[in-house]
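The structure appears right after this line, and notes come after that.
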Amino acid sequence: MTRVVVTDHAFGGVADEAAVAARFDAEFSVHACRTEDETIQAVAGADVAFVNFAPVTDAVLAALAPGATVIRYGIGYDNVDVAAAQARGIAVANVPDYGSDTVADHTVALLLTLLRKIPAYDRRVRATGWCVPRDLGSLPGFADTTVGLVGLGRIGLAVHRRLAPFGFRVVAHDPYAEPSDGLTLTDLETLLRESHAVSLHAPLTEETRHLLGTAAFDRMREGAVVVNTSRGGLIDHDALAGAVRSGRVAAAALDVFDTEPLATDSPLRDLPEVLLTPHTAFYSDSSLAALQRLAAEEAERALAGKPLRCPVTGGGAR
Ligand SMILES: NC(=O)c1ccc[n+]([C@@H]2O[C@H](COP(=O)([O-])OP(=O)(O)OC[C@H]3O[C@@H](n4cnc5c(N)ncnc54)[C@H](O)[C@@H]3O)[C@@H](O)[C@H]2O)c1
Ligand SMILES: O=C(O)[C@H](O)COP(=O)(O)O
């Protein structure tokens with residue numbers, strides 16, 4: 001019998017996915033896997049596996065039915081061993097276009113909040129009743145502020161389009177992108193040196209892991225702010241905590257972490273200068289609906305033996 005499995009999800013329900021399974025008379029089950037062992041058990045003999053953050057290792061792939069399809073609920077597929085899937089003849093697809101605008105909205109909300117020092121003013125008013133603006137140091141206007149975008153794909157470009165009307169100078173670093181939208185592409189060193197705010201929009205790959213660590217923070221402009229809505233692994237969080245404590249980084253806003261949920265002993269929990277959101281940049285009513293609909297449509301293609309819309313072959317995203 002055909003088998004369709006959801007290994008894990010953080011959504012309200014899985015009606016679209018269940019409807020596709022029903023159309024193919026497939027057995028349908030929904031799990032809450034977090035570990036490799038749980039995932040192996042859940043996907044045993046499955047023809048289609050919808051995967052959110054469960055690890056898809058070679059051992060998990062080996063448990064699927066021959067010729068199965070793995071569909072990542074989302075854009076980044078760093079939790080899927082794509083090379084091993086290819087070697088086993090297992091197809092992998094992601095959903096690259098369900099919610100770039102929503103992620104960009106969340107990113108810009110975080111960036112503007114930090115650049116206007118709103119959390120710092122809020123803390124000061126709560127603690128002392130007031131403060132004169134200069135107590136919190138210099139505050140350049142947006143027209144005198146440079147924002148550096150690392151990664152200029154769908155989300156990086158959507159962030160740029162939102163920032164442009166505010167008058168920011170925006171620079172970007174992306175070794176694989178062409179200049180577009182009138183943006184200046186630069187090397188990482190220059191971006192770190194010149195930016196008042198650095199925002200990360202690259203996939204998690206071997207190349208980008210700990211892209212921002214002690215050496216990078218040391219090269220950044222004193223008092224810069226950092227926003228990360230890509231993947232937690234792009235930042236060395238111990239190094240970030242050190243840079244915030246020393247004041248080199250004035251503040252940060254993070255939506256993603258190397259361990260999710262955030263570890264109880266994470267140094268980030270104790271730093272008021274670091275805003276934390278729970279991997280929610282992707283979430284709006286419309287983006288979630290699109291994510292599940294597009295993932296279910298991909299499953300329909302897989303079960304019907306049709307070419308996938310968004311097969312992935314490696315590299316972290318796209
Ligand atoms: N927080 C969330 O809810 C959320 C939601 C969606 C996506 N994401 C993350 O955002 C990432 C970006 O999404 P996207 O849709 O813009 O992907 P995308 O593939 O359209 O763009 C990623 C860009 O990063 C670039 N890149 C690759 N390696 C790089 C490097 N070493 N330095 C700089 N740039 C590099 C690529 O060339 C590409 O242009 C995803 O990989 C995913 O991990 C997070
Ligand atoms: O649950 C999620 O966070 C969504 O699937 C987003 O995944 P993405 O960050 O890879 O798009």
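Each chain of the structure tokens is named A, B, ... in the order shown, its residues numbered from 1; ligands are numbered from 1 in display order.
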For this session: Find the residues near ligand 1. Use a cut-off of 8 Å, count only C-alpha atoms and all ligand atoms, and write them as a count of residues only.
Result: 47
For this session: Can you list, as a list in words, all residues belonging to stretch 126-240 of chain A that DSSP tags as strand (DSSP E)?
Result: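 DSSP on the backbone gives strand (DSSP E) at Thr146, Val147, Gly148, Leu149, Val150, Arg169, Val170, Val171, Ala172, His173, Thr184, Leu185, Ala197, Val198, Ser199, Leu200, Ala224, Val225, Val226, Val227 and Asn228 of chain A.
Restricting the calculation to only C-alpha atoms and all ligand atoms, the smallest distance between ligand 2 and any of A:Pro119, A:Pro133, A:Gly13, A:Pro278 is found for A:Pro278.
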Problem set entry | Selection: 9 Å around A:Glu38, only C-alpha atoms, excl. self and same-chain fewer than 6 positions, as a list in words |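 In the requested format, the answer is Thr7, His31, Ala32 and Ala54 of chain A.
Contact shell of A:Pro140 at 12 Å (only C-alpha atoms; same-chain neighbours under 2 positions omitted): Leu115, Arg116, Lys117, Arg134, Gly137, Ser138, Phe142, Ala143, Asp144, Thr145, Thr146, Phe168, His196, Ala197, Gly223 and Ala224 of chain A.
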Can I get the selected residues back with N, CA and C atoms, as a short mmCIF file (atom, residue, chain, number, x, y, z; two decimals), in the first residue's frame?
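What ended up in result-v2.cif:
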data_model
loop_
_atom_site.label_atom_id
_atom_site.label_comp_id
_atom_site.auth_asym_id
_atom_site.auth_seq_id
_atom_site.Cartn_x
_atom_site.Cartn_y
_atom_site.Cartn_z
N LEU A 115 17.59 49.45 15.09
CA LEU A 115 18.26 50.68 14.65
C LEU A 115 17.71 51.90 15.37
N ARG A 116 16.44 51.89 15.74
CA ARG A 116 15.86 53.00 16.51
C ARG A 116 16.06 52.81 18.01
N LYS A 117 16.78 51.75 18.41
CA LYS A 117 17.10 51.48 19.83
C LYS A 117 15.85 51.35 20.69
N ARG A 134 20.44 61.22 24.43
CA ARG A 134 21.88 61.04 24.29
C ARG A 134 22.45 60.02 25.26
N GLY A 137 23.75 57.07 23.56
CA GLY A 137 24.78 57.22 22.53
C GLY A 137 24.24 57.79 21.24
N SER A 138 25.13 57.80 20.23
CA SER A 138 24.74 58.43 18.96
C SER A 138 23.69 57.60 18.25
N PHE A 142 18.29 57.30 9.32
CA PHE A 142 18.32 56.19 8.37
C PHE A 142 19.14 56.54 7.12
N ALA A 143 19.09 57.82 6.69
CA ALA A 143 19.83 58.19 5.48
C ALA A 143 21.34 58.12 5.70
N ASP A 144 21.76 58.10 6.96
CA ASP A 144 23.19 58.01 7.27
C ASP A 144 23.57 56.60 7.75
N THR A 145 22.69 55.64 7.49
CA THR A 145 22.89 54.28 8.00
C THR A 145 23.10 53.31 6.85
N THR A 146 24.12 52.46 6.98
CA THR A 146 24.37 51.42 5.97
C THR A 146 23.91 50.07 6.52
N PHE A 168 17.95 54.15 3.44
CA PHE A 168 19.21 53.51 3.86
C PHE A 168 20.16 53.36 2.68
N HIS A 196 26.17 49.49 9.58
CA HIS A 196 25.65 49.74 10.93
C HIS A 196 24.76 48.57 11.35
N ALA A 197 24.23 47.85 10.36
CA ALA A 197 23.39 46.67 10.65
C ALA A 197 23.74 45.58 9.65
N GLY A 223 29.56 48.95 17.74
CA GLY A 223 28.17 49.32 18.03
C GLY A 223 27.18 48.94 16.94
N ALA A 224 27.61 48.08 15.98
CA ALA A 224 26.68 47.63 14.93
C ALA A 224 25.64 46.69 15.53
#
Problem set entry | Counting only C-alpha atoms and all ligand atoms, the option among A:Glu189, A:Leu64, A:Gly45, A:Pro261 closest to ligand 2 |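 Looking only at the distances to ligand 2, the closest residue turns out to be A:Pro261.
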Exercise. So what do you get for atom CA of A:Gly305 versus atom CA of A:Asp37, distance-wise?
Worked result: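 One can read the atom CA of A:Gly305 to atom CA of A:Asp37 distance as 29.1 Å.
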Exercise. Using only C-alpha atoms, which residue out of A:Asp25, A:Glu178, A:Asp101, A:Asp58 lies closest to A:Ala83?
Worked result: A:Asp58
Excluding A:Glu297 and its own-chain neighbours fewer than 3 positions away, which residues fall within 12 Å of it when counting only C-alpha atoms? Please give them as an mmCIF file with N, CA, C and O atoms, in the first residue's frame.
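After the write, out_18.cif holds the following:
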data_model
loop_
_atom_site.group_PDB
_atom_site.id
_atom_site.type_symbol
_atom_site.label_atom_id
_atom_site.label_comp_id
_atom_site.auth_asym_id
_atom_site.auth_seq_id
_atom_site.Cartn_x
_atom_site.Cartn_y
_atom_site.Cartn_z
ATOM 1 N N ASP A 16 -4.438 19.598 3.744
ATOM 2 C CA ASP A 16 -4.064 19.481 2.321
ATOM 3 C C ASP A 16 -3.301 18.185 2.074
ATOM 4 O O ASP A 16 -3.527 17.481 1.077
ATOM 5 N N GLU A 17 -2.397 17.875 2.994
ATOM 6 C CA GLU A 17 -1.561 16.685 2.836
ATOM 7 C C GLU A 17 -2.427 15.422 2.949
ATOM 8 O O GLU A 17 -2.292 14.461 2.169
ATOM 9 N N ALA A 18 -3.356 15.428 3.908
ATOM 10 C CA ALA A 18 -4.248 14.272 4.089
ATOM 11 C C ALA A 18 -5.122 14.077 2.856
ATOM 12 O O ALA A 18 -5.381 12.940 2.431
ATOM 13 N N ALA A 19 -5.563 15.187 2.247
ATOM 14 C CA ALA A 19 -6.444 15.083 1.075
ATOM 15 C C ALA A 19 -5.701 14.446 -0.097
ATOM 16 O O ALA A 19 -6.267 13.614 -0.828
ATOM 17 N N VAL A 20 -4.448 14.808 -0.280
ATOM 18 C CA VAL A 20 -3.664 14.192 -1.366
ATOM 19 C C VAL A 20 -3.504 12.698 -1.100
ATOM 20 O O VAL A 20 -3.701 11.861 -2.000
ATOM 21 N N ALA A 21 -3.159 12.356 0.125
ATOM 22 C CA ALA A 21 -2.988 10.928 0.456
ATOM 23 C C ALA A 21 -4.286 10.168 0.163
ATOM 24 O O ALA A 21 -4.264 9.069 -0.413
ATOM 25 N N ARG A 23 -6.586 10.872 -2.013
ATOM 26 C CA ARG A 23 -6.827 10.733 -3.463
ATOM 27 C C ARG A 23 -6.051 9.557 -4.049
ATOM 28 O O ARG A 23 -6.422 9.000 -5.068
ATOM 29 N N VAL A 48 6.134 8.957 0.277
ATOM 30 C CA VAL A 48 6.304 10.408 0.393
ATOM 31 C C VAL A 48 6.463 10.741 1.869
ATOM 32 O O VAL A 48 5.679 10.277 2.705
ATOM 33 N N PHE A 50 6.740 14.150 4.210
ATOM 34 C CA PHE A 50 6.769 15.600 4.436
ATOM 35 C C PHE A 50 7.629 15.816 5.685
ATOM 36 O O PHE A 50 7.329 15.223 6.737
ATOM 37 N N ILE A 71 9.729 15.768 0.915
ATOM 38 C CA ILE A 71 9.308 17.148 0.656
ATOM 39 C C ILE A 71 9.560 17.975 1.907
ATOM 40 O O ILE A 71 8.971 17.710 2.961
ATOM 41 N N TYR A 73 9.057 20.966 4.177
ATOM 42 C CA TYR A 73 8.127 22.055 4.458
ATOM 43 C C TYR A 73 8.963 23.303 4.707
ATOM 44 O O TYR A 73 9.308 23.597 5.854
ATOM 45 N N ALA A 93 12.459 17.661 -2.557
ATOM 46 C CA ALA A 93 11.925 18.942 -3.035
ATOM 47 C C ALA A 93 11.783 19.879 -1.838
ATOM 48 O O ALA A 93 11.589 19.425 -0.706
ATOM 49 N N ASN A 94 11.888 21.179 -2.099
ATOM 50 C CA ASN A 94 11.556 22.157 -1.053
ATOM 51 C C ASN A 94 10.437 23.059 -1.570
ATOM 52 O O ASN A 94 9.879 22.821 -2.648
ATOM 53 N N VAL A 95 10.074 24.066 -0.781
ATOM 54 C CA VAL A 95 9.032 25.021 -1.200
ATOM 55 C C VAL A 95 9.672 26.410 -1.111
ATOM 56 O O VAL A 95 9.585 27.081 -0.086
ATOM 57 N N ALA A 290 -0.001 28.824 2.040
ATOM 58 C CA ALA A 290 0.704 28.571 0.774
ATOM 59 C C ALA A 290 1.715 27.443 0.949
ATOM 60 O O ALA A 290 1.856 26.577 0.069
ATOM 61 N N LEU A 291 2.422 27.440 2.082
ATOM 62 C CA LEU A 291 3.436 26.402 2.320
ATOM 63 C C LEU A 291 2.816 25.010 2.257
ATOM 64 O O LEU A 291 3.315 24.111 1.565
ATOM 65 N N GLN A 292 1.696 24.834 2.952
ATOM 66 C CA GLN A 292 1.098 23.500 3.001
ATOM 67 C C GLN A 292 0.459 23.123 1.660
ATOM 68 O O GLN A 292 0.553 21.982 1.219
ATOM 69 N N ARG A 293 -0.157 24.101 1.004
ATOM 70 C CA ARG A 293 -0.789 23.808 -0.295
ATOM 71 C C ARG A 293 0.280 23.413 -1.312
ATOM 72 O O ARG A 293 0.155 22.406 -2.017
ATOM 73 N N LEU A 294 1.377 24.193 -1.376
ATOM 74 C CA LEU A 294 2.418 23.910 -2.364
ATOM 75 C C LEU A 294 3.128 22.590 -2.056
ATOM 76 O O LEU A 294 3.480 21.834 -2.970
ATOM 77 N N GLU A 300 1.449 15.403 -4.668
ATOM 78 C CA GLU A 300 0.532 14.912 -5.706
ATOM 79 C C GLU A 300 1.320 14.567 -6.972
ATOM 80 O O GLU A 300 1.111 13.521 -7.597
ATOM 81 N N ARG A 301 2.248 15.466 -7.338
ATOM 82 C CA ARG A 301 3.080 15.196 -8.531
ATOM 83 C C ARG A 301 3.911 13.941 -8.319
ATOM 84 O O ARG A 301 4.015 13.084 -9.207
ATOM 85 N N ALA A 302 4.516 13.824 -7.140
ATOM 86 C CA ALA A 302 5.371 12.654 -6.867
ATOM 87 C C ALA A 302 4.564 11.363 -6.975
ATOM 88 O O ALA A 302 4.987 10.397 -7.625
ATOM 89 N N LEU A 303 3.366 11.356 -6.383
ATOM 90 C CA LEU A 303 2.568 10.119 -6.368
ATOM 91 C C LEU A 303 2.021 9.802 -7.763
ATOM 92 O O LEU A 303 1.794 8.624 -8.090
ATOM 93 N N ALA A 304 1.843 10.841 -8.589
ATOM 94 C CA ALA A 304 1.337 10.621 -9.948
ATOM 95 C C ALA A 304 2.469 10.323 -10.933
ATOM 96 O O ALA A 304 2.221 10.142 -12.128
ATOM 97 N N LYS A 306 4.755 12.426 -11.884
ATOM 98 C CA LYS A 306 5.049 13.603 -12.717
ATOM 99 C C LYS A 306 6.328 14.282 -12.220
ATOM 100 O O LYS A 306 6.701 14.118 -11.049
ATOM 101 N N PRO A 307 6.980 15.101 -13.063
ATOM 102 C CA PRO A 307 8.188 15.812 -12.610
ATOM 103 C C PRO A 307 7.856 16.755 -11.447
ATOM 104 O O PRO A 307 6.786 17.375 -11.434
ATOM 105 N N LEU A 308 8.766 16.850 -10.484
ATOM 106 C CA LEU A 308 8.559 17.749 -9.347
ATOM 107 C C LEU A 308 8.711 19.196 -9.796
ATOM 108 O O LEU A 308 9.460 19.501 -10.722
ATOM 109 N N ARG A 309 8.002 20.109 -9.099
ATOM 110 C CA ARG A 309 8.127 21.538 -9.416
ATOM 111 C C ARG A 309 9.441 22.106 -8.890
ATOM 112 O O ARG A 309 10.092 22.900 -9.556
ATOM 113 N N CYS A 310 9.827 21.706 -7.668
ATOM 114 C CA CYS A 310 11.014 22.304 -7.041
ATOM 115 C C CYS A 310 11.970 21.238 -6.507
ATOM 116 O O CYS A 310 12.187 21.146 -5.280
#
Problem set entry | Shell of 8 Å around A:Arg219, only C-alpha atoms, local chain residues under 2 positions omitted, as a VMD selection string | chain A and resid 189 192 to 193 215 to 217 221
Exercise. How far is it from atom CA of A:Asp218 to atom CA of A:Asp236, in Å with one decimal?
Worked result: 13.0 Å
For this session: Check stretch 75-255 of chain A with DSSP on the backbone and list each residue it calls alpha helix (DSSP H), as a ChimeraX atom specification.
Result: /A:82-88,100-115,118-128,154-163,188-194,214-219,237-246
